[in-house]
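J.: Sharing a structure here in structure tokens format.
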Amino acid sequence: MSAASTKIGIAIYAQQGPYGRPRNPHWSLVLHPTSFSAKDVRVYHLRNRGNTWFLGHEVRDLPRMGDLIGVLHVADIPGSAFNDAKENPQKAFGIDQLDLFIWSCESYVIRALAYLGEAGAFKLPCNPDGMYEYTKKRIAALKALPSSADEITIISYTE
């Protein structure tokens with residue numbers, strides 16, 4: 001990876017619903033110039049509090065955010081896309097709350113990646129309409145790997 005690019009991925013977190021029952025995992029978009037294991041990874045995710053959706057942006061150590069399953073490494077993107085994301089993540093990822101009929105963490109990540117793919121930052125492994133099912137398969141592959149408390153499990157988004 002050149003100095004003028006950054007890694008982009010999808011961090012996957014386990015979630016629990018009422019009575020400790022597992023729920024679908026939480027997806028967040030993660031960016032860093034060198035490593036998802038760094039202490040200052042940029043995390044972009046959609047959150048729901050009550051009936052209100054909002055874009056969350058944090059600079060964090062990924063494992064400290066919760067029950068991290070792992071990261072799907074999507075691509076290394078041009079540094080300009082990373083700089084745009086730091087300044088205005090909604091503009092950088094083409095997100096407008098009116099764009100999506102149904103808001104969720106998954107729809108946000110898919111929309112952001114589709115936007116970056118359409119802008120030429122990288123090639124998507126499938127068309128945007130198929131990304132939800134495609135990503136679920138990659139999450140299953142991620143979950144099937146042995147995990148370690150000392151290292152973040154990272155696999156390629158592409159098969």
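By convention in this document, the chains of the structure tokens carry letters A, B, ... by their order, each chain's residues are numbered from 1, and ligands are numbered from 1 in the order they are shown.
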If you run DSSP on the backbone, which residues of chain A are helix (DSSP H, G or I), as an MDAnalysis selection string?
T.: chainID A and resid 18:20 62:65 79:87 89:92 105:118 128:144
J.: For region 51-65 of chain A, list every protein, DNA or RNA residue within 10 Å, evaluated using only C-alpha atoms, and leave out those in the same chain fewer than 6 positions away; present the list as an MDAnalysis selection string.
T.: chainID A and resid 11:13 28:32 36:45 71 85:86 89:90 95 97 103:105 108 149:152
J.: So the first atom is CA of Ile10 (chain A) and the second is CA of Leu72 (chain A); what is the distance between them in Å, to one decimal place?
T.: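 So the two atoms, CA of Ile10 (chain A) and CA of Leu72 (chain A), lie 5.1 Å apart.
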J.: Residues at most 8 Å from His73 (chain A), counting only C-alpha atoms, excluding those fewer than 5 positions away in the same chain, as a list in words?
T.: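 Result of the neighbour search: Lys7, Ile8, Gly9, Ile10, Ile154, Ile155, Ser156 and Tyr157 of chain A.
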J.: Write a file of the just-selected residues containing C-alpha atoms, as a PDB file, in the first residue's frame.
T.:
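Below you can see part.pdb, which holds the result:
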ATOM      1  CA  LYS A   7      -7.400   0.742   4.246  1.00  0.00           C
ATOM      2  CA  ILE A   8     -11.180   0.556   4.277  1.00  0.00           C
ATOM      3  CA  GLY A   9     -13.119  -2.284   5.833  1.00  0.00           C
ATOM      4  CA  ILE A  10     -16.274  -3.411   7.543  1.00  0.00           C
ATOM      5  CA  ILE A 154      -9.179  -9.795   9.363  1.00  0.00           C
ATOM      6  CA  ILE A 155     -10.173 -11.420   6.081  1.00  0.00           C
ATOM      7  CA  SER A 156     -10.557 -10.068   2.595  1.00  0.00           C
ATOM      8  CA  TYR A 157     -13.994  -8.880   1.593  1.00  0.00           C
TER       9      TYR A 157
END
J.: What separation in Å, quoted to one decimal, exists between CA of Asp67 (chain A) and CA of Thr153 (chain A)?
T.: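 The value is 12.3 Å.
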J.: Given only C-alpha atoms as the basis, pick out the residue of A:Thr158, A:Gln15, A:Thr6, A:Asn127 nearest to Gly79 (chain A).
T.: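 Counting only C-alpha atoms, the residue closest to Gly79 (chain A) is A:Thr6.
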J.: When DSSP works through the backbone of this structure, what residues of region 18-132 of chain A end up as strand (DSSP E), shown as a PyMOL selection string?
T.: chain A and resi 22-32+41-49+52-60+68-78
J.: Can those selected residues be exported to a file as a short mmCIF file (atom, residue, chain, number, x, y, z; two decimals), in the first residue's frame so that it contains C-alpha atoms?
T.:
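To be explicit, this is the file written out as result-v8.cif:
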data_model
loop_
_atom_site.label_atom_id
_atom_site.label_comp_id
_atom_site.auth_asym_id
_atom_site.auth_seq_id
_atom_site.Cartn_x
_atom_site.Cartn_y
_atom_site.Cartn_z
CA PRO A 22 -28.06 -13.00 19.78
CA ARG A 23 -29.08 -10.43 17.17
CA ASN A 24 -27.72 -9.72 13.72
CA PRO A 25 -24.22 -8.26 14.03
CA HIS A 26 -23.55 -4.54 13.89
CA TRP A 27 -21.64 -3.30 10.83
CA SER A 28 -19.43 -0.23 10.80
CA LEU A 29 -17.20 1.29 8.16
CA VAL A 30 -13.58 1.51 9.32
CA LEU A 31 -10.64 3.38 7.83
CA HIS A 32 -6.97 3.67 8.71
CA VAL A 41 -9.04 3.71 13.52
CA ARG A 42 -11.79 5.95 12.11
CA VAL A 43 -15.15 4.29 12.69
CA TYR A 44 -18.32 5.39 10.87
CA HIS A 45 -21.60 3.75 11.74
CA LEU A 46 -25.28 4.34 11.83
CA ARG A 47 -26.97 4.15 15.21
CA ASN A 48 -30.56 4.09 16.29
CA ARG A 49 -31.60 5.70 19.55
CA THR A 52 -33.89 8.52 15.58
CA TRP A 53 -31.07 7.40 13.30
CA PHE A 54 -27.78 9.24 13.43
CA LEU A 55 -24.31 8.88 11.95
CA GLY A 56 -21.71 8.05 14.56
CA HIS A 57 -18.06 8.89 13.98
CA GLU A 58 -15.35 7.91 16.38
CA VAL A 59 -11.59 7.46 16.39
CA ARG A 60 -11.06 4.28 18.38
CA LEU A 68 -15.62 -7.42 17.84
CA ILE A 69 -15.97 -10.47 15.60
CA GLY A 70 -13.47 -9.16 13.07
CA VAL A 71 -12.93 -6.97 10.02
CA LEU A 72 -13.64 -7.56 6.35
CA HIS A 73 -10.86 -5.73 4.48
CA VAL A 74 -12.59 -4.20 1.46
CA ALA A 75 -9.78 -2.32 -0.29
CA ASP A 76 -7.00 0.20 -0.10
CA ILE A 77 -8.48 3.47 -1.32
CA PRO A 78 -6.94 6.75 -2.49
#
J.: When you draw a straight line from CA of Ala144 (chain A) to CA of Ser107 (chain A), how long is it in Å?
T.: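 These two atoms are separated by 23.8 Å.
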J.: Using only C-alpha atoms, find the one residue out of A:Ser148, A:Gly50, A:Ala114, A:Gln16 that sits nearest to Met131 (chain A).
T.: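 Result for the nearest residue to Met131 (chain A): A:Ala114.
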